[in-house]
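Chemist: Structure file query_36.txt, compact mmCIF, C-alpha atoms, is pasted below:
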```txt
# COMPACT_ATOMS: atom_id res chain seq x y z
CA MET Y 1 -54.09 -49.48 -2.57
CA GLN Y 2 -52.12 -52.18 -4.37
CA GLY Y 3 -49.65 -52.23 -1.47
CA LYS Y 4 -52.48 -52.74 1.03
CA LYS Y 5 -53.89 -55.70 -0.92
CA SER Y 6 -50.58 -57.49 -1.06
CA MET Y 7 -49.95 -56.91 2.67
CA ARG Y 8 -50.29 -60.06 4.77
CA LEU Y 9 -52.69 -59.44 7.62
CA ILE Y 10 -52.04 -62.73 9.43
CA ASP Y 11 -48.41 -63.77 9.91
CA GLU Y 12 -46.94 -67.27 10.03
CA ARG Y 13 -47.46 -67.41 13.83
CA GLY Y 14 -51.16 -66.75 13.33
CA LEU Y 15 -50.95 -63.21 14.77
CA ARG Y 16 -52.58 -60.14 13.25
CA HIS Y 17 -50.77 -57.07 11.89
CA ASP Y 18 -50.89 -55.37 15.32
CA GLY Y 19 -49.76 -58.47 17.22
CA ARG Y 20 -53.20 -59.57 18.44
CA ARG Y 21 -54.46 -63.13 18.31
CA PRO Y 22 -57.52 -63.63 16.02
CA ASP Y 23 -59.89 -63.82 19.02
CA GLU Y 24 -58.37 -60.90 20.90
CA ILE Y 25 -60.02 -57.48 21.22
CA ARG Y 26 -58.20 -54.17 21.38
CA PRO Y 27 -57.65 -52.53 24.78
CA ILE Y 28 -60.91 -50.86 25.80
CA ARG Y 29 -61.17 -47.71 27.91
CA MET Y 30 -64.41 -46.24 29.19
CA GLN Y 31 -65.29 -43.04 31.01
CA VAL Y 32 -68.74 -41.76 32.01
CA GLY Y 33 -70.00 -38.28 32.88
CA VAL Y 34 -67.41 -36.51 30.74
CA LEU Y 35 -69.71 -33.66 29.63
CA ALA Y 36 -71.19 -31.30 32.20
CA ASN Y 37 -74.07 -29.94 30.10
CA ALA Y 38 -75.43 -33.30 28.90
CA SER Y 39 -77.86 -35.39 30.96
CA GLY Y 40 -75.48 -38.31 30.48
CA SER Y 41 -72.27 -38.86 28.55
CA ALA Y 42 -69.55 -41.40 27.90
CA LEU Y 43 -66.20 -41.65 26.13
CA VAL Y 44 -65.30 -45.08 24.81
CA GLU Y 45 -62.02 -46.14 23.23
CA TYR Y 46 -61.55 -49.39 21.29
CA GLY Y 47 -57.79 -49.18 20.67
CA LYS Y 48 -57.33 -46.07 18.54
CA THR Y 49 -61.08 -45.64 17.91
CA LYS Y 50 -62.44 -42.89 20.16
CA VAL Y 51 -66.17 -42.20 20.37
CA LEU Y 52 -68.01 -39.69 22.51
CA ALA Y 53 -71.73 -40.09 23.24
CA ALA Y 54 -74.00 -37.51 24.86
CA VAL Y 55 -77.61 -38.00 25.93
CA TYR Y 56 -80.03 -35.10 26.34
CA GLY Y 57 -83.51 -35.51 27.72
CA PRO Y 58 -86.14 -36.69 28.14
CA ARG Y 59 -87.29 -33.31 26.86
CA GLU Y 60 -90.12 -31.83 24.85
CA PRO Y 61 -89.39 -31.88 21.10
CA GLN Y 62 -89.28 -28.54 19.31
CA GLN Y 63 -91.36 -30.03 16.49
CA LYS Y 64 -94.59 -30.95 18.25
CA PHE Y 65 -95.81 -33.15 15.35
CA MET Y 66 -93.12 -35.68 16.30
CA ILE Y 67 -94.70 -36.37 19.71
CA LEU Y 68 -95.88 -39.92 20.31
CA PRO Y 69 -98.71 -40.13 22.86
CA ASP Y 70 -97.57 -43.39 24.49
CA LYS Y 71 -93.77 -43.27 24.49
CA ALA Y 72 -90.66 -41.17 24.06
CA ILE Y 73 -88.98 -40.79 20.69
CA LEU Y 74 -85.35 -41.86 20.47
CA ARG Y 75 -83.30 -39.65 18.15
CA VAL Y 76 -79.76 -40.72 17.30
CA ARG Y 77 -77.18 -38.68 15.43
CA TYR Y 78 -74.01 -40.56 14.53
CA HIS Y 79 -71.39 -38.17 13.22
CA MET Y 80 -67.73 -38.41 12.34
CA ALA Y 81 -65.67 -35.35 13.21
CA PRO Y 82 -63.80 -33.84 10.23
CA PHE Y 83 -60.51 -34.61 12.02
CA SER Y 84 -61.42 -38.21 12.88
CA THR Y 85 -60.01 -39.75 9.71
CA THR Y 86 -56.63 -39.50 7.94
CA GLU Y 87 -58.18 -37.44 5.15
CA ARG Y 88 -60.50 -34.60 6.19
CA LYS Y 89 -64.12 -35.72 6.23
CA SER Y 90 -66.80 -33.24 5.27
CA PRO Y 91 -68.76 -32.30 8.40
CA ALA Y 92 -72.06 -32.59 6.50
CA PRO Y 93 -73.96 -35.81 7.32
CA SER Y 94 -73.15 -38.41 4.68
CA ARG Y 95 -75.39 -41.23 3.44
CA ARG Y 96 -73.37 -43.66 5.61
CA GLU Y 97 -73.80 -41.54 8.74
CA ILE Y 98 -77.56 -41.19 8.22
CA GLU Y 99 -77.87 -44.97 7.78
CA LEU Y 100 -75.70 -45.72 10.81
CA SER Y 101 -77.76 -43.29 12.91
CA LYS Y 102 -80.80 -45.39 11.97
CA VAL Y 103 -79.24 -48.78 12.75
CA ILE Y 104 -77.82 -47.53 16.06
CA ARG Y 105 -81.23 -46.12 16.99
CA GLU Y 106 -82.82 -49.48 16.25
CA ALA Y 107 -80.14 -51.27 18.28
CA LEU Y 108 -80.96 -49.09 21.30
CA GLU Y 109 -84.76 -48.93 20.91
CA ASP Y 110 -84.96 -52.60 21.94
CA VAL Y 111 -83.58 -51.87 25.41
CA VAL Y 112 -84.64 -48.31 26.30
CA LEU Y 113 -87.94 -48.21 28.23
CA THR Y 114 -89.37 -45.34 26.21
CA SER Y 115 -92.90 -45.91 27.52
CA GLU Y 116 -91.85 -44.31 30.84
CA TYR Y 117 -91.64 -40.86 29.22
CA PRO Y 118 -94.59 -40.35 26.85
CA ARG Y 119 -94.70 -37.22 24.65
CA THR Y 120 -90.98 -36.53 25.02
CA VAL Y 121 -87.78 -37.04 23.06
CA ILE Y 122 -84.45 -38.52 24.11
CA ASP Y 123 -81.56 -37.26 21.99
CA ILE Y 124 -78.35 -39.24 21.60
CA PHE Y 125 -75.39 -37.58 19.91
CA ILE Y 126 -72.53 -39.87 18.90
CA GLU Y 127 -69.37 -38.08 17.82
CA VAL Y 128 -66.51 -40.14 16.41
CA LEU Y 129 -63.36 -38.31 17.49
CA GLN Y 130 -60.88 -40.78 16.03
CA ALA Y 131 -61.81 -43.53 13.57
CA ASP Y 132 -59.86 -46.78 13.41
CA GLY Y 133 -62.58 -49.30 12.57
CA GLY Y 134 -65.55 -50.42 14.63
CA THR Y 135 -66.94 -46.91 15.12
CA ARG Y 136 -70.61 -47.97 14.98
CA VAL Y 137 -70.18 -50.66 17.63
CA ALA Y 138 -68.09 -48.35 19.82
CA GLY Y 139 -70.89 -45.80 19.33
CA ILE Y 140 -73.48 -48.29 20.59
CA THR Y 141 -71.33 -49.10 23.64
CA ALA Y 142 -70.84 -45.39 24.37
CA SER Y 143 -74.57 -44.64 23.92
CA SER Y 144 -75.54 -47.46 26.28
CA LEU Y 145 -73.20 -46.07 28.94
CA ALA Y 146 -74.41 -42.50 28.38
CA LEU Y 147 -78.06 -43.58 28.68
CA ALA Y 148 -77.33 -45.35 31.97
CA ASP Y 149 -75.38 -42.26 33.12
CA ALA Y 150 -78.41 -40.07 32.29
CA GLY Y 151 -80.59 -42.28 34.52
CA ILE Y 152 -82.84 -43.30 31.63
CA PRO Y 153 -84.52 -46.65 32.39
CA MET Y 154 -83.24 -49.52 30.26
CA LYS Y 155 -83.95 -53.22 30.15
CA ALA Y 156 -80.21 -53.96 30.01
CA LEU Y 157 -76.85 -52.56 28.97
CA VAL Y 158 -75.84 -53.07 25.33
CA ALA Y 159 -72.39 -53.37 23.80
CA GLY Y 160 -71.07 -54.04 20.34
CA VAL Y 161 -68.09 -55.55 18.61
CA ALA Y 162 -67.23 -56.31 14.97
CA VAL Y 163 -66.00 -59.64 13.64
CA GLY Y 164 -64.10 -59.70 10.36
CA LYS Y 165 -62.44 -62.12 7.99
CA VAL Y 166 -58.88 -61.49 6.89
CA ASP Y 167 -56.69 -63.89 4.93
CA GLY Y 168 -59.41 -66.51 5.40
CA VAL Y 169 -59.29 -66.25 9.22
CA LEU Y 170 -62.10 -64.95 11.43
CA VAL Y 171 -60.84 -62.08 13.59
CA LEU Y 172 -62.45 -60.23 16.47
CA ASP Y 173 -62.71 -56.43 16.78
CA VAL Y 174 -61.44 -55.42 13.35
CA ASP Y 175 -59.50 -52.20 12.96
CA GLU Y 176 -59.31 -49.89 9.95
CA VAL Y 177 -56.61 -51.89 8.09
CA GLU Y 178 -58.44 -55.19 8.52
CA ASP Y 179 -61.78 -53.56 7.68
CA SER Y 180 -60.60 -52.03 4.40
CA SER Y 181 -58.39 -54.94 3.26
CA GLY Y 182 -60.33 -57.85 4.76
CA GLU Y 183 -62.87 -60.10 3.08
CA ALA Y 184 -65.85 -59.52 5.40
CA ASP Y 185 -67.02 -57.41 8.31
CA MET Y 186 -69.82 -58.38 10.70
CA PRO Y 187 -70.78 -55.75 13.34
CA ILE Y 188 -72.85 -57.19 16.19
CA ALA Y 189 -74.46 -55.55 19.23
CA ALA Y 190 -76.19 -57.43 22.01
CA ALA Y 191 -77.57 -57.25 25.53
CA PRO Y 192 -76.09 -60.37 27.22
CA ASP Y 193 -78.31 -59.98 30.31
CA LEU Y 194 -81.36 -60.54 28.12
CA ASN Y 195 -79.79 -62.90 25.55
CA LEU Y 196 -80.82 -60.36 22.94
CA ILE Y 197 -79.02 -59.42 19.72
CA THR Y 198 -79.92 -55.83 18.79
CA LEU Y 199 -77.68 -55.31 15.76
CA PHE Y 200 -76.49 -57.84 13.21
CA GLN Y 201 -74.98 -56.76 9.92
CA ILE Y 202 -72.72 -58.47 7.41
CA ASN Y 203 -70.64 -56.76 4.76
CA GLY Y 204 -68.87 -59.29 2.51
CA VAL Y 205 -69.23 -63.03 2.13
CA LEU Y 206 -69.16 -65.55 5.00
CA THR Y 207 -70.21 -69.19 5.08
CA GLU Y 208 -72.93 -70.38 7.45
CA GLU Y 209 -70.34 -72.02 9.69
CA GLU Y 210 -68.23 -68.83 9.75
CA VAL Y 211 -71.27 -66.75 10.73
CA GLU Y 212 -72.03 -69.09 13.62
CA ARG Y 213 -68.42 -69.13 14.80
CA GLY Y 214 -68.11 -65.34 14.38
CA LEU Y 215 -71.31 -64.79 16.33
CA SER Y 216 -70.15 -66.89 19.27
CA MET Y 217 -66.78 -65.03 19.25
CA ALA Y 218 -68.60 -61.68 19.23
CA LEU Y 219 -71.06 -62.61 21.98
CA LYS Y 220 -68.21 -63.72 24.24
CA ALA Y 221 -66.46 -60.39 23.67
CA ILE Y 222 -69.70 -58.46 24.22
CA GLN Y 223 -70.16 -60.20 27.56
CA TYR Y 224 -66.72 -58.94 28.57
CA ILE Y 225 -67.41 -55.38 27.28
CA VAL Y 226 -70.71 -55.22 29.19
CA SER Y 227 -68.90 -56.32 32.37
CA LEU Y 228 -66.47 -53.42 31.75
CA GLU Y 229 -69.46 -51.08 31.32
CA LYS Y 230 -70.90 -52.27 34.62
CA SER Y 231 -67.66 -51.78 36.53
CA THR Y 232 -67.18 -48.31 34.97
CA LEU Y 233 -70.65 -47.22 36.07
CA LYS Y 234 -70.26 -48.71 39.53
CA GLN Y 235 -66.88 -47.03 39.99
CA LYS Y 236 -68.36 -43.65 39.08
CA TYR Y 237 -71.46 -43.93 41.27
CA GLU Y 238 -70.17 -46.00 44.18
CA ALA Y 239 -69.90 -43.00 46.50
CA ILE Y 240 -73.38 -41.72 45.58
CA GLY Y 241 -74.85 -45.21 45.98
CA GLU Y 242 -73.82 -45.27 49.61
CA GLU Y 243 -75.68 -42.02 50.26
CA VAL Y 244 -78.92 -43.18 48.57
CA MET L 1 -81.24 -63.80 43.89
CA LEU L 2 -79.37 -60.75 44.98
CA MET L 3 -80.50 -60.52 48.59
CA GLY L 4 -77.64 -60.21 51.02
CA ARG L 5 -75.13 -59.47 48.29
CA GLU L 6 -72.40 -57.13 49.49
CA ASP L 7 -72.11 -55.27 46.20
CA ARG L 8 -74.96 -52.83 46.70
CA LEU L 9 -75.13 -50.89 43.46
CA VAL L 10 -76.96 -52.55 40.56
CA ASN L 11 -76.79 -51.74 36.85
CA PRO L 12 -79.64 -51.78 34.31
CA GLY L 13 -80.44 -55.39 33.44
CA GLU L 14 -79.11 -57.00 36.62
CA ALA L 15 -81.35 -59.74 38.00
CA LEU L 16 -82.81 -58.96 41.43
CA ALA L 17 -85.44 -61.63 42.09
CA VAL L 18 -88.14 -63.70 40.39
CA VAL L 19 -91.84 -62.86 40.30
CA GLU L 20 -92.64 -65.76 42.62
CA GLU L 21 -90.52 -64.12 45.35
CA PHE L 22 -91.27 -60.41 45.05
CA ILE L 23 -93.69 -57.91 43.52
CA PRO L 24 -91.94 -55.57 41.07
CA GLY L 25 -91.90 -51.96 42.35
CA ASP L 26 -90.33 -48.78 40.94
CA ASN L 27 -87.39 -48.81 38.52
CA VAL L 28 -87.53 -52.54 37.82
CA HIS L 29 -88.98 -54.56 34.96
CA VAL L 30 -89.91 -58.19 34.47
CA ASP L 31 -88.38 -60.04 31.53
CA SER L 32 -90.07 -62.81 29.52
CA PHE L 33 -88.75 -65.48 31.94
CA GLY L 34 -90.31 -63.83 35.01
CA ILE L 35 -87.02 -62.47 36.32
CA ILE L 36 -87.25 -59.04 37.97
CA ARG L 37 -84.39 -56.91 36.67
CA SER L 38 -83.21 -53.43 37.58
CA SER L 39 -83.97 -50.85 34.91
CA THR L 40 -81.66 -48.17 36.27
CA LEU L 41 -78.40 -47.66 38.08
CA GLY L 42 -79.19 -47.65 41.77
CA VAL L 43 -79.47 -49.40 45.09
CA PRO L 44 -81.96 -52.31 45.30
CA VAL L 45 -84.38 -52.44 48.21
CA PHE L 46 -86.02 -55.74 49.16
CA ASP L 47 -89.02 -54.99 51.35
CA ALA L 48 -89.54 -58.33 53.10
CA LYS L 49 -92.76 -57.10 54.75
CA SER L 50 -94.65 -55.99 51.65
CA LYS L 51 -92.70 -58.37 49.37
CA VAL L 52 -91.89 -55.54 46.98
CA VAL L 53 -88.52 -55.07 45.30
CA TYR L 54 -87.58 -51.68 43.91
CA VAL L 55 -84.45 -49.71 43.02
CA LYS L 56 -83.50 -46.31 44.43
CA PRO L 57 -81.82 -44.63 41.46
CA VAL L 58 -78.53 -42.77 41.93
CA LYS L 59 -79.45 -40.42 39.11
CA HIS L 60 -82.96 -39.47 38.00
CA ALA L 61 -83.83 -38.78 34.41
CA MET L 62 -85.75 -35.59 35.00
CA ALA L 63 -89.44 -36.07 34.46
CA LEU L 64 -92.28 -34.50 36.36
CA GLY L 65 -94.92 -36.28 38.39
CA VAL L 66 -98.09 -35.19 40.16
CA GLY L 67 -97.64 -32.63 42.94
CA PHE L 68 -94.19 -31.40 41.88
CA SER L 69 -93.41 -27.73 42.47
CA VAL L 70 -91.93 -26.12 39.39
CA VAL L 71 -90.54 -22.82 38.19
CA GLY L 72 -91.86 -21.64 34.85
CA LEU L 73 -92.02 -18.68 32.53
CA VAL L 74 -95.38 -17.30 31.40
CA SER L 75 -95.07 -17.54 27.62
CA ALA L 76 -98.60 -16.63 26.52
CA ILE L 77 -101.92 -15.59 28.00
CA ARG L 78 -105.27 -16.28 26.44
CA GLN L 79 -108.76 -15.47 27.66
CA ASP L 80 -109.04 -18.42 30.02
CA ILE L 81 -105.64 -20.09 29.98
CA VAL L 82 -102.02 -19.27 30.85
CA ASN L 83 -99.25 -21.02 28.91
CA VAL L 84 -96.10 -21.74 30.89
CA GLU L 85 -92.66 -23.00 29.90
CA ILE L 86 -91.39 -25.17 32.77
CA TYR L 87 -87.66 -24.89 33.46
CA GLY L 88 -86.86 -26.04 36.97
CA LEU L 89 -87.91 -28.13 39.89
CA VAL L 90 -88.16 -26.69 43.41
CA SER L 91 -89.20 -27.94 46.79
CA VAL L 92 -91.42 -25.68 48.90
CA THR L 93 -91.67 -27.75 52.06
CA PRO L 94 -90.35 -27.50 54.75
CA THR L 95 -88.35 -24.59 53.32
CA VAL L 96 -87.96 -23.42 49.79
CA ARG L 97 -85.12 -25.19 47.99
CA TRP L 98 -83.96 -25.34 44.37
CA VAL L 99 -83.93 -29.04 43.34
CA ALA L 100 -82.82 -29.15 39.72
CA GLU L 101 -82.94 -27.57 36.34
CA LEU L 102 -84.91 -29.83 33.96
CA SER L 103 -83.20 -31.59 31.05
CA GLY L 104 -85.35 -29.58 28.67
CA VAL L 105 -88.25 -27.17 28.53
CA PHE L 106 -91.68 -28.68 29.16
CA SER L 107 -95.05 -27.12 28.38
CA GLY L 108 -97.51 -26.32 31.14
CA VAL L 109 -100.96 -24.75 31.20
CA ILE L 110 -102.87 -23.06 34.01
CA PRO L 111 -106.62 -23.04 33.38
CA ILE L 112 -108.39 -19.93 34.70
CA SER L 113 -110.02 -22.01 37.45
CA GLN L 114 -106.59 -22.98 38.84
CA ILE L 115 -105.05 -19.48 38.97
CA ALA L 116 -106.41 -18.40 42.37
CA SER L 117 -109.18 -19.31 44.82
CA GLU L 118 -111.42 -16.42 43.82
CA TYR L 119 -113.49 -15.17 40.92
CA ILE L 120 -111.19 -14.05 38.11
CA ARG L 121 -112.45 -11.38 35.76
CA GLU L 122 -109.22 -10.78 33.86
CA VAL L 123 -106.19 -13.14 33.68
CA TYR L 124 -103.91 -10.11 33.09
CA ASP L 125 -104.55 -8.99 36.69
CA TYR L 126 -102.80 -12.16 37.88
CA TYR L 127 -100.06 -12.97 35.35
CA ARG L 128 -98.32 -11.20 32.48
CA VAL L 129 -96.13 -12.62 29.72
CA GLY L 130 -92.50 -12.81 30.91
CA ASP L 131 -93.29 -13.43 34.60
CA LEU L 132 -91.49 -16.26 36.35
CA ILE L 133 -93.88 -18.23 38.50
CA LEU L 134 -93.97 -21.06 41.00
CA ALA L 135 -96.68 -23.65 40.31
CA ARG L 136 -97.65 -27.20 41.21
CA THR L 137 -98.26 -29.99 38.69
CA LEU L 138 -101.68 -31.64 38.57
CA ASN L 139 -100.85 -34.46 36.15
CA ALA L 140 -97.83 -36.50 35.16
CA SER L 141 -97.71 -36.18 31.41
CA ASN L 142 -96.76 -33.51 28.99
CA PRO L 143 -98.36 -30.89 28.63
CA TYR L 144 -98.60 -30.46 32.39
CA SER L 145 -101.67 -28.90 34.02
CA LEU L 146 -100.61 -26.53 36.75
CA THR L 147 -102.22 -24.86 39.72
CA THR L 148 -101.22 -21.71 41.58
CA LYS L 149 -104.11 -21.65 44.07
CA PRO L 150 -102.10 -22.19 47.30
CA PRO L 151 -100.32 -19.08 48.67
CA GLN L 152 -96.81 -20.52 48.03
CA TYR L 153 -97.49 -20.41 44.31
CA GLY L 154 -97.62 -17.39 42.03
CA VAL L 155 -95.26 -14.80 40.62
CA ILE L 156 -91.71 -14.78 42.00
CA TYR L 157 -90.00 -12.62 39.38
CA ALA L 158 -91.64 -9.86 37.36
CA LEU L 159 -90.35 -6.80 35.56
CA CYS L 160 -92.01 -3.39 35.62
CA SER L 161 -93.95 -2.82 32.39
CA ARG L 162 -92.83 0.83 32.34
CA CYS L 163 -89.10 0.70 33.11
CA LEU L 164 -88.22 -3.05 33.12
CA THR L 165 -86.92 -2.92 36.68
CA LEU L 166 -87.34 -5.99 38.89
CA MET L 167 -90.47 -5.41 40.94
CA GLU L 168 -90.78 -6.10 44.66
CA PRO L 169 -93.77 -7.80 46.31
CA GLN L 170 -96.01 -5.27 48.03
CA THR L 171 -99.14 -7.22 48.98
CA PRO L 172 -100.31 -10.77 48.02
CA LYS L 173 -102.00 -9.12 45.02
CA THR L 174 -99.63 -6.33 44.01
CA MET L 175 -96.00 -5.71 43.12
CA LYS L 176 -94.26 -2.34 43.17
CA CYS L 177 -91.42 -1.04 41.05
CA PRO L 178 -88.69 0.38 43.32
CA ARG L 179 -87.51 2.73 40.54
CA CYS L 180 -90.63 4.41 39.12
CA GLY L 181 -93.14 3.52 41.82
CA ASN L 182 -95.46 1.75 39.35
CA VAL L 183 -97.80 -0.68 41.10
CA GLU L 184 -99.04 -3.67 39.11
CA SER L 185 -101.49 -6.38 40.10
CA ARG L 186 -100.20 -9.96 40.25
CA LYS L 187 -100.90 -13.23 42.06
CA VAL L 188 -97.75 -12.97 44.18
CA SER L 189 -96.18 -16.03 45.79
CA ILE L 190 -95.35 -15.74 49.49
CA LEU L 191 -91.92 -17.13 48.51
CA ALA L 192 -91.26 -14.29 46.04
CA SER L 193 -88.69 -12.74 48.34
CA SER L 194 -86.74 -16.00 48.82
CA LYS L 195 -83.07 -15.34 48.24
CA ILE L 196 -82.38 -18.97 47.30
CA LEU L 197 -84.84 -18.79 44.41
CA GLN L 198 -83.56 -15.39 43.28
CA VAL L 199 -80.00 -16.69 43.04
CA ASN L 200 -81.05 -19.63 40.86
CA ILE L 201 -83.31 -17.47 38.73
CA ARG L 202 -80.41 -15.07 38.06
CA ARG L 203 -78.33 -18.08 37.03
CA LEU L 204 -81.09 -19.24 34.66
CA LEU L 205 -81.35 -15.72 33.22
CA ALA L 206 -77.57 -15.49 32.85
CA LEU L 207 -77.53 -18.73 30.87
CA ARG L 208 -80.17 -17.18 28.55
CA ARG L 209 -82.27 -20.30 28.50
CA TRP L 210 -85.10 -18.30 26.93
```
Would you write out, as structure tokens, the structure that this file holds?

Modeler:
Amino acid sequence: MQGKKSMRLIDERGLRHDGRRPDEIRPIRMQVGVLANASGSALVEYGKTKVLAAVYGPREPQQKFMILPDKAILRVRYHMAPFSTTERKSPAPSRREIELSKVIREALEDVVLTSEYPRTVIDIFIEVLQADGGTRVAGITASSLALADAGIPMKALVAGVAVGKVDGVLVLDVDEVEDSSGEADMPIAAAPDLNLITLFQINGVLTEEEVERGLSMALKAIQYIVSLEKSTLKQKYEAIGEEV
Amino acid sequence: MLMGREDRLVNPGEALAVVEEFIPGDNVHVDSFGIIRSSTLGVPVFDAKSKVVYVKPVKHAMALGVGFSVVGLVSAIRQDIVNVEIYGLVSVTPTVRWVAELSGVFSGVIPISQIASEYIREVYDYYRVGDLILARTLNASNPYSLTTKPPQYGVIYALCSRCLTLMEPQTPKTMKCPRCGNVESRKVSILASSKILQVNIRRLLALRRW
């Protein structure tokens, strides 16, 4: 732990520990329709972070008391696989996972047109396969893709990215090292098509000016990630689109 | 905005037109600035005659509407109502065709007045628990009201109550067990002998969805 603290995260050339510039994101890979049994699914990689999202529904909930007469219920389960971290993580849902399930649900509720499917439930399962920082924002990106893959009506696609502060410098798309040793972490999710921020959290201390600068860095990155989402979906459904 | 664009497929959130130009149709929504945006992944259609813009989705989130033909399992029978668990979507015109398995089980009910076009003394003479039936939806929200009045609708898969053998349709009102010769009364669908449906029903049974 002491070794980590003394480690310099920004070198004399202004580059981060993995060679990225402060405003550079990790290489992003996206795949849709990876699970045959789910209505929609997506696998998203932010560098070494790998997150799988599966969407089931709209379907009738087992517990009928949950039913809402005017719209569908969105249920989100964010879960980290026991093998996703360096030390084994208990598979039981932790306090952090329950809280993240809630914030991810709220980030998606703003864009999913739940009123189209009254008295039903839409289940989203987010499984972190490999954790290297930014799992919640990668989970939001994967869920957005999986929802679009399931054909569930949405106002717009959502994506997320985290901004952090290490060695006094604002950095984009923080990884595990920067997250644990840095001074602040600010996960943001947004729908650029609608100019809508759906998730905004800050862990640590940032000045007003840093928040503003971090937000503009994040929104620029989100715009790029959403364009990647769009091209991934189009690539997958191009052939079908011609038949429609 | 997007008319004449070569890239045909649109994603959720992509701007298609403004409300002054077109009337929003299916699978689109209007944002707070009056821009009509696609709400699903699909191909946009600009109907210049009716001035309606809509999107033909490449993938449907399975939900039932009015007049859909469905396959369901009779889960309970009460004095004047039949409870059905809806599993799949079929098309009965022009020929019978399996469309899709639904993303989940939906509840359906057949009121006694919608079972058949005749006076019904006893519901058990038409359906029994465990029968697979074809029915048509009468509304578009869960729980779905169903009808089996037309001849295409009714039982398509039933087991003999004596020896659990798959029964064969005998008349529009009876089914016969090929093993023990037991004859039971049912509201039999004229499509009960369709091989296409039988294949898909065997697949559903093999997956043990119930």

Chemist: Mind pulling up the distance from CA of Met186 in chain Y to CA of Thr141 in chain Y?

Modeler: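 Answer for the CA of Thr141 in chain Y to CA of Met186 in chain Y separation: 16.0 Å.
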
Chemist: Hey, what's within 9 Å of Leu196 in chain Y if we count only C-alpha atoms and toss same-chain stuff fewer than 6 positions away? As a PyMOL selection string, please?

Modeler: chain Y and resi 110+189-190

Chemist: What are the nearest atom pairs, with distances in Å to one decimal, for all residues of chain Y that come at most 8 Å from chain L, using all atoms listed in the file, set out by chain and rising residue number as a Markdown table?

Modeler:
```
| residue | atom | partner | partner_atom | distance |
| --- | --- | --- | --- | --- |
| Y:Ser39 | CA | L:Ser103 | CA | 6.6 |
| Y:Tyr56 | CA | L:Ser103 | CA | 6.7 |
| Y:Gly57 | CA | L:Ser103 | CA | 5.2 |
| Y:Pro58 | CA | L:Ser103 | CA | 6.6 |
| Y:Arg59 | CA | L:Gly104 | CA | 4.6 |
| Y:Glu60 | CA | L:Phe106 | CA | 5.6 |
| Y:Tyr117 | CA | L:Ala63 | CA | 7.4 |
| Y:Pro118 | CA | L:Ser141 | CA | 6.9 |
| Y:Arg119 | CA | L:Asn142 | CA | 6.1 |
| Y:Thr120 | CA | L:Asn142 | CA | 7.6 |
| Y:Ala148 | CA | L:Leu41 | CA | 6.6 |
| Y:Asp149 | CA | L:Lys59 | CA | 7.5 |
| Y:Ala150 | CA | L:Ala61 | CA | 6.0 |
| Y:Gly151 | CA | L:Ala61 | CA | 4.8 |
| Y:Ile152 | CA | L:Ala61 | CA | 5.4 |
| Y:Pro153 | CA | L:Ser39 | CA | 4.9 |
| Y:Met154 | CA | L:Ser39 | CA | 4.9 |
| Y:Lys155 | CA | L:Gly13 | CA | 5.3 |
| Y:Ala156 | CA | L:Gly13 | CA | 3.7 |
| Y:Leu157 | CA | L:Pro12 | CA | 6.1 |
| Y:Asp193 | CA | L:Gly13 | CA | 5.9 |
| Y:Leu194 | CA | L:Gly13 | CA | 7.5 |
| Y:Lys230 | CA | L:Asn11 | CA | 6.3 |
| Y:Leu233 | CA | L:Asn11 | CA | 7.7 |
| Y:Lys234 | CA | L:Leu9 | CA | 6.6 |
| Y:Tyr237 | CA | L:Val58 | CA | 7.2 |
| Y:Glu238 | CA | L:Leu9 | CA | 7.0 |
| Y:Ile240 | CA | L:Val58 | CA | 6.4 |
| Y:Gly241 | CA | L:Val58 | CA | 6.0 |
| Y:Val244 | CA | L:Val58 | CA | 6.7 |
```

Chemist: Report, in Å with one decimal, the straight-line distance from CA of Val161 in chain Y to CA of Gly134 in chain Y.

Modeler: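 About the pair CA of Val161 in chain Y and CA of Gly134 in chain Y: they are 7.0 Å apart.
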
Chemist: Excluding Lys187 in chain L and its own-chain neighbours fewer than 3 positions away, which residues fall within 6 Å of it when counting all atoms listed in the file? Please give them as a list in words.

Modeler: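 Returned residues: Tyr126, Gly154 and Lys173 of chain L.
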
Chemist: Residues within 6 Å of Thr137 in chain L, please, as a PyMOL selection string. Count only C-alpha atoms; anything in the same chain fewer than 5 positions from it doesn't count.

Modeler: chain L and resi 66-68+145-146

Chemist: Give me the residues near range 14-23 of chain Y as a PyMOL selection string, where near means some atom within 9 Å (using all atoms listed in the file) and where sequence neighbours in that chain fewer than 3 positions away do not count.

Modeler: chain Y and resi 8-11+26+169-173+177-178+217-218+221
